[in-house]
Number of protein chains: 2
Amino acid sequence: MENIKYPDPSQWNDLCQRPTEDSTKLEADVSQIMSEVMKNGDEALVQFNQELDGVRTESIKIDLQNKEFNIDPELAESIKIAEFNISKFHAAQKIEEEKIETSPGVNCWRKSVPIEKVGLYIPGGSAPLFSTLLMLAIPAKLAGCKEIIVCTPPQKEPELNAIIGWTCKYLGINRVFLTGGAQAIAAMTYGSESVPKVDKIFGPGNQFVTEAKQQAQKAGTAIDMPAGPSEVLIIADDSADPEFVAADLLSQAEHGRDSQVVLISDSEEMIRKATAETEKQLETLPRKGIAVDALKNSRTILVDTLDEAMEFSNAYAPEHLIIATTNSNELAEKVINAGSVFLGNWSCESAGDYASGTNHTLPTNGYAKSYSGVSLDSFMKKITFQKLTKTGIDNLGSAIEKMAEAEGLEGHKNAVSVRFKKIK
Amino acid sequence: MENIKYPDPSQWNDLCQRPTEDSTKLEADVSQIMSEVMKNGDEALVQFNQELDGVRTESIKIDLQNKEFNIDPELAESIKIAEFNISKFHAAQKIEEEKIETSPGVNCWRKSVPIEKVGLYIPGGSAPLFSTLLMLAIPAKLAGCKEIIVCTPPQKEPELNAIIGWTCKYLGINRVFLTGGAQAIAAMTYGSESVPKVDKIFGPGNQFVTEAKQQAQKAGTAIDMPAGPSEVLIIADDSADPEFVAADLLSQAEHGRDSQVVLISDSEEMIRKATAETEKQLETLPRKGIAVDALKNSRTILVDTLDEAMEFSNAYAPEHLIIATTNSNELAEKVINAGSVFLGNWSCESAGDYASGTNHTLPTNGYAKSYSGVSLDSFMKKITFQKLTKTGIDNLGSAIEKMAEAEGLEGHKNAVSVRFKKIK
């Protein structure tokens with residue numbers, strides 16, 4: 001980790017930069033995969049499974065009805081606890097809005113309606129990300145999406161990871177397809193013989209998946225949010241526990257070589273201790289190699305005051321923000337840009353990653369300035385309705401006519417005028 | 001308008017197609033403009049004003065403080081009525097969510113926080129779209145965005161249209177910049193000497209603006225939604241007034257040559273009458289030429305039942321949906337995909353375009369399947385917070401450890417383990 005001391009605000013912009021990759025080649029490669037799937041459907045998907053995942057799949061669709069999945073009972077219990085909390089938090093996001101009579105005889109309202117067809121992408125790779133399945137499938141179910149499908153890369157025996165299979169069955173998700181990477185995103189964008197075209201695609205992935213989602217969006221399929229490498233920013237004062245701080249930094253650093261962690265403090269002592277503790281804990285991590293690379297992109301920043309630390313955090317707009325200070329509640333009020341905020345010494349990021357109930361699909365790469373994390377809202381759209389009575393148009397009509405005329409839209413005006421004629 | 005009778009569901013997909021344009025050349029042209037502005041800032045903007053708008057602007061920034069704008073008092077009164085209704089409807093969208101204790105000692109909540117910097121694009125062209133200014137600036141103000149800027153193309157004397165100027169002053173918007181088209185979007189994406197870089201860009205525009213917004217999004221600046229030509233779908237039965245139906249079709253058709261209007265009915269008589277009435281009213285429209293072209297892209301569809309009409313509408317996912325039937329309330333319950341819905345004979349689309357209170361920035365081109373129109377939410381993001389007490393992590397910790405382990409993320413597990421050590 002780079003150690004920065006009392007940076008001048010003019011340096012902040014540089015300190016807010018994330019590790020970047022050149023994506024020019026990527027764009028063309030992904031575009032190639034997308035059009036391959038568009039043209040050849042399942043045949044292309046089967047071929048990519050062989051080429052890219054090294055797995056010979058007979059069929060892209062996997063029939064869960066007749067399959068049993070056995071997993072460690074303690075893990076099953078843990079997943080059930082997480083499911084309970086995630087459901088509770090997301091169910092509370094359901095709201096009914098009232099009708100508003102904006103002027104006499106003019107009633108307007110909004111209605112939340114589930115997006116009909118959603119596709120959840122669950123990466124494979126080094127580990128089966130069943131936690132992401134929970135984070136996406138639970139709000140999709142609660143929203144009432146009619147068609148919820150899951151795409152996940154095939155494995156070598158069994159084709160579908162048992163924990164993913166178990167979790168799908170537990171959540172009542174029956175439509176699972178064995179396809180991964182950019183080709184899975186392509187399948188959900190264009191549809192194939194097996195995989196249905198969806199209205200919106202959710203889920204994380206590597207740079208191929210991220211680029212494919214961008215291209216899907218351009219092709220007319222909505223996506224949850226743009227993605228970048230995962231990151232955490234920790235604001236800690238002398239009251240924080242350096243051992244906790246180090247563990248939290250490392251829990252983020254082990255995500256990927258391109259992850260970034262930032263520790264800001266008003267205490268040089270805390271930075272020194274947390275850094276030493278990070279070095280120590282690093283040695284015990286199975287994913288040490290990944291964490292070491294991530295720490296190379298990472299920084300500690302010493303500042304004068306915790307308010308300055310908070311200001312920097314708002315400029316950085318972290319995906320995860322841990323505030324481990326005595327005044328954490330007070331600082332929390334000053335958060336302007338962040339994906340998810342963890343307050344106090346006992347709120348580790350892993351709690352939110354797995355089981356506290358909040359969603360772990362969050363805006364990275366500074367997108368927290370303008371995007372929210374995934375929530376129940378992400379699986380619904382709000383449709384506005386209005387009903388004007390005869391009185392309503394009689395009252396409001398002249399204003400509409402006047403405005404339409406000033407915009408040079410006589411047809412708009414006429415839609416009122418023909419009604420006026422019938423009233424008068 | 002093309003007349004379709006009793007189409008087979010297999011034809012629906014074709015009937016849902018919108019007029020399309022080739023955008024390959026556009027992409028390169030816009031990309032050129034974007035990088036020009038990124039490199040040369042204000043200098044490029046001034047030059048584009050000269051080249052593309054034919055206006056010599058001394059400065060991009062316009063000082064509203066010392067300017068007076070005089071407009072027709074009746075128009076001013078109409079704008080004030082619209083402002084009242086739009087404010088009332090959008091203010092009601094403000095909600096406070098409660099803290100949820102998902103399990104003992106685990107408190108999670110969401111907080112809506114305004115997006116700090118937003119840029120509103122108000123097109124010039126044939127008319128000053130002050131209604132769009134109302135639709136974007138009012139929710140931005142209500143949300144509490146700290147920096148609200150407006151970009152609009154310069155005119156020849158006065159540089160700024162008086163109605164736009166008056167509306168800005170009335171709404172308390174002081175930061176207005178004279179730049180239009182793709183170059184305005186570029187300025188808000190990258191910032192220039194005058195124009196600040198924003199976090200999110202809102203507003204309609206021609207195909208250059210639309211493409212520029214796509215490129216802005218790729219460069220990391222959020223946008224309100226992808227855009228396409230405007231459209232209306234009307235479901236009418238025998239109870240509808242053909243004169244009203246025709247006027248509503250034409251109020252949409254006059255928007256642009258690429259607009260599309262669709263009339264669906266279970267009554268051949270209604271289609272015949274409304275078509276004849278459309279031909280008649282068309283003759284009186286100043287924007288007849290535009291409407292004629294739009295009608296070439298347009299259709300009437302005769303179906304067996306109103307339920308079938310509603311099903312087609314959901315497949316089409318119209319930006320505007322007018323339901324002029326005796327059972328309009330009942331059909332309204334069956335709307336799955338639409339931007340904004342107008343119920344009954346007296347609810348013309350122009351009401352929502354200008355003054356009823358609902359927003360007129362809506363998803364087109366089938367995007368209503370997955371996107372909502374602009375609302376207060378569009379100017380805010382929701383940040384999740386959580387606070388676990390010692391009891392909280394003690395209760396939930398084992399589940400987190402178990403799940404992290406199963407995902408092969410020992411660092412995530414360790415963030416809990418180090419805390420367990422201190423508790424026990």
# chains A, B, ... in the order shown; residues from 1 in each chain; ligands from 1
call {"tool": "residues_around", "arguments": {"residues": "Arg110 (chain A)", "least_positions_apart": "5", "cutoff": "7 Å", "atoms": "only C-alpha atoms", "output": "PyMOL selection string"}}
result
chain A and resi 97+382-385
call {"tool": "interface_residues", "arguments": {"of": "chain A", "to": "chain B", "cutoff": "6 Å", "atoms": "only C-alpha atoms", "output": "PyMOL selection string"}}
result
chain A and resi 75+78+85+102+115+127-128+199+247-248+250-251+339-343+346-347+350+370-372+381-390+399+402+407+411-412+415
call {"tool": "calpha_fit_rmsd", "arguments": {"fixed": "chain A", "moving": "chain B"}}
result
0.0 Å
call {"tool": "closest_residue", "arguments": {"among": "B:Val46, B:Leu376, B:Ile122, B:Ala236", "to": "Thr152 (chain B)", "atoms": "only C-alpha atoms"}}
result
B:Ile122
call {"tool": "select_by_dssp", "arguments": {"residues": "region 107-148 of chain B", "states": "helix (DSSP H, G or I)", "output": "PyMOL selection string"}}
result
chain B and resi 130-143
call {"tool": "write_last_selection", "arguments": {"atoms": "N, CA, C and O atoms", "output": "short mmCIF file (atom, residue, chain, number, x, y, z; two decimals), in the first residue's frame"}}
result
data_model
loop_
_atom_site.label_atom_id
_atom_site.label_comp_id
_atom_site.auth_asym_id
_atom_site.auth_seq_id
_atom_site.Cartn_x
_atom_site.Cartn_y
_atom_site.Cartn_z
N PHE B 130 -39.55 24.64 -23.15
CA PHE B 130 -39.58 25.02 -21.74
C PHE B 130 -40.31 24.00 -20.90
O PHE B 130 -40.08 23.88 -19.70
N SER B 131 -41.20 23.20 -21.52
CA SER B 131 -41.92 22.17 -20.74
C SER B 131 -40.92 21.11 -20.23
O SER B 131 -41.05 20.61 -19.13
N THR B 132 -39.92 20.81 -21.06
CA THR B 132 -38.91 19.85 -20.63
C THR B 132 -38.08 20.41 -19.47
O THR B 132 -37.71 19.70 -18.55
N LEU B 133 -37.83 21.71 -19.54
CA LEU B 133 -37.13 22.37 -18.44
C LEU B 133 -37.91 22.19 -17.14
O LEU B 133 -37.34 21.87 -16.09
N LEU B 134 -39.22 22.37 -17.19
CA LEU B 134 -40.06 22.17 -16.00
C LEU B 134 -39.95 20.73 -15.50
O LEU B 134 -39.79 20.48 -14.30
N MET B 135 -40.03 19.79 -16.44
CA MET B 135 -40.08 18.36 -16.09
C MET B 135 -38.77 17.88 -15.47
O MET B 135 -38.75 16.89 -14.74
N LEU B 136 -37.67 18.55 -15.79
CA LEU B 136 -36.38 18.12 -15.25
C LEU B 136 -35.94 18.96 -14.06
O LEU B 136 -35.45 18.43 -13.05
N ALA B 137 -36.15 20.26 -14.16
CA ALA B 137 -35.64 21.14 -13.09
C ALA B 137 -36.46 21.01 -11.81
O ALA B 137 -35.90 21.09 -10.71
N ILE B 138 -37.76 20.80 -11.94
CA ILE B 138 -38.59 20.73 -10.72
C ILE B 138 -38.19 19.53 -9.85
O ILE B 138 -37.89 19.72 -8.67
N PRO B 139 -38.13 18.31 -10.40
CA PRO B 139 -37.68 17.21 -9.51
C PRO B 139 -36.22 17.37 -9.04
O PRO B 139 -35.90 16.96 -7.92
N ALA B 140 -35.37 17.97 -9.87
CA ALA B 140 -33.97 18.18 -9.44
C ALA B 140 -33.92 19.09 -8.23
O ALA B 140 -33.19 18.84 -7.26
N LYS B 141 -34.73 20.14 -8.26
CA LYS B 141 -34.81 21.08 -7.13
C LYS B 141 -35.39 20.37 -5.90
O LYS B 141 -34.87 20.50 -4.79
N LEU B 142 -36.48 19.63 -6.11
CA LEU B 142 -37.14 18.94 -4.99
C LEU B 142 -36.21 17.91 -4.36
O LEU B 142 -36.20 17.71 -3.15
N ALA B 143 -35.41 17.24 -5.21
CA ALA B 143 -34.48 16.22 -4.69
C ALA B 143 -33.39 16.88 -3.84
O ALA B 143 -32.88 16.28 -2.92
#
